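Everything on this sheet refers to the single structure shown next.
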Amino acid sequence: MCIIKSTLLLSILAIVFHSTAGSIWTIHLRSHPYKTELYTAEFIKGNHRYFWCADHIHLQDAVVLCNQVSAHNGLGPYTPTTPRIEFGALHYDPAVKEAFTNETFACVGNESRLRDCPTVPVPEDERCPSENLGQVDCYPAGNAKKNLTASLISPENRPEMGVVRVESSSLHYLAGFICNQRNQWTSNEARVVCRSLGYSGLWAWPVDPAIVSDSQPADRRYIMRNVQCQGSEETINDCPHTDMCMAVDFLSKSFSCATQCDGEPAAVLCS
């Protein structure tokens with residue numbers, strides 16, 4: 001069994017299957033627990049797990065991976081000319097050479113999934129010279145359609161305040177809450193949510209969810225984090241940075257970052 005030294009903690013995003021010359025690889029797409037737009041691939045054969053080497057990721061492979069993910073999070077589409085993709089060794093995550101697969105993808109760039117890409121063998125002496133884990137960063141494309149709708153879970157007789165609930169038609173109408181950690185949720189984000197709900201958006205404040213305690217969700221299902229708005233946007237879809245949490249069970253369409261949120265649900269007061 002390979003001894004893997006990588007310190008990157010990864011959470012399962014998806015499992016797909018790929019046939020190669022008489023063998024079956026199981027390929028895991030995985031997202032970083034603290035940066036949900038950062039992905040890599042793992043190759044599983046038998047009881048052995050192999051990583052995707054940074055030296056062997058090409059632009060076309062990155063495009064296919066990002067488009068595969070964007071089919072569910074709405075952050076694409078991507079093309080080889082999209083300036084929103086970075087790939088390679090984006091973090092220093094070394095592993096012993098034997099931890100890397102001896103095959104890699106040879107995508108054209110128009111495939112729907114990595115499983116559709118042909119694979120090519122990697123010579124043993126080129127298995128992974130850098131010994132760095134390969135990663136792809138799929139920033140939201142400029143024409144991304146996140147298809148998010150915001151609403152408030154409000155206390156009785158106080159419709160202008162409450163915990164923010166978002167629903168995404170790109171994620172099969174999955175609904176949940178925005179993770180506010182390290183006080184990232186500011187008046188800028190509050191103004192955008194209030195404006196999308198029909199308020200002027202001139203006066204809006206983030207509030208402690210404890211103030212609206214009777215509207216706090218019992219099951220805190222977070223589906224977004226790291227929301228950053230300028231304050232002038234019409235809806236949360238227009239904000240330049242939103243991370244969709246993609247971590248629980250891709251196959252059963254269960255998306256949540258409950259284990260990735262060290263904070264409280266975002267809440268607002270509109271005026």
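Letters A, B, ... go to the chains of the structure tokens in the order shown; residues in each chain start at 1; ligands are counted from 1 in the same order.
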
Pick out the residues sitting within 9 Å of region 235-237 of chain A, and hand them over as a ChimeraX atom specification; count only C-alpha atoms, and ignore anything fewer than 2 positions along from it in its own chain.
-> /A:144-150,189,192-197,227,229,232-233,239-240,242

With the cut-off set at 12 Å and counting only C-alpha atoms, tabulate each residue of region 186-239 of chain A with an atom at most that distance from an atom of region 65-88 of chain A, showing the nearest atom pair and its distance in Å to one decimal, ordered by chain and increasing number, as a tab-separated table.
```
residue	atom	partner	partner_atom	distance
A:Ile223	CA	A:Asn73	CA	10.5
A:Met224	CA	A:Asn73	CA	10.8
A:Asn237	CA	A:Leu75	CA	10.2
A:Asp238	CA	A:Leu75	CA	11.7
```

Which of these residues is nearest to Val64 (chain A), using only C-alpha atoms: A:Ala89, A:Phe51, A:Lys45, A:Arg113?
->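 Of A:Ala89, A:Phe51, A:Lys45, A:Arg113, the one nearest Val64 (chain A), counting only C-alpha atoms, is A:Arg113.
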
Residue nearest Tyr199 (chain A) - candidates A:Cys270, A:Gln135, A:Tyr222, A:Val166, atoms counted: only C-alpha atoms |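 Using only C-alpha atoms, Tyr199 (chain A) sits closest to A:Cys270.
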
For CA of Tyr39 (chain A) and CA of Cys138 (chain A), determine how far apart the two atoms are, in Å to one decimal place.
->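 Computed distance, CA of Tyr39 (chain A) to CA of Cys138 (chain A), equals 7.7 Å.
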
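Shortest atom-to-atom contact with Leu38 (chain A) among A:Glu234, A:Asp137, A:Glu124, A:Phe100: A:Asp137, counting only C-alpha atoms.
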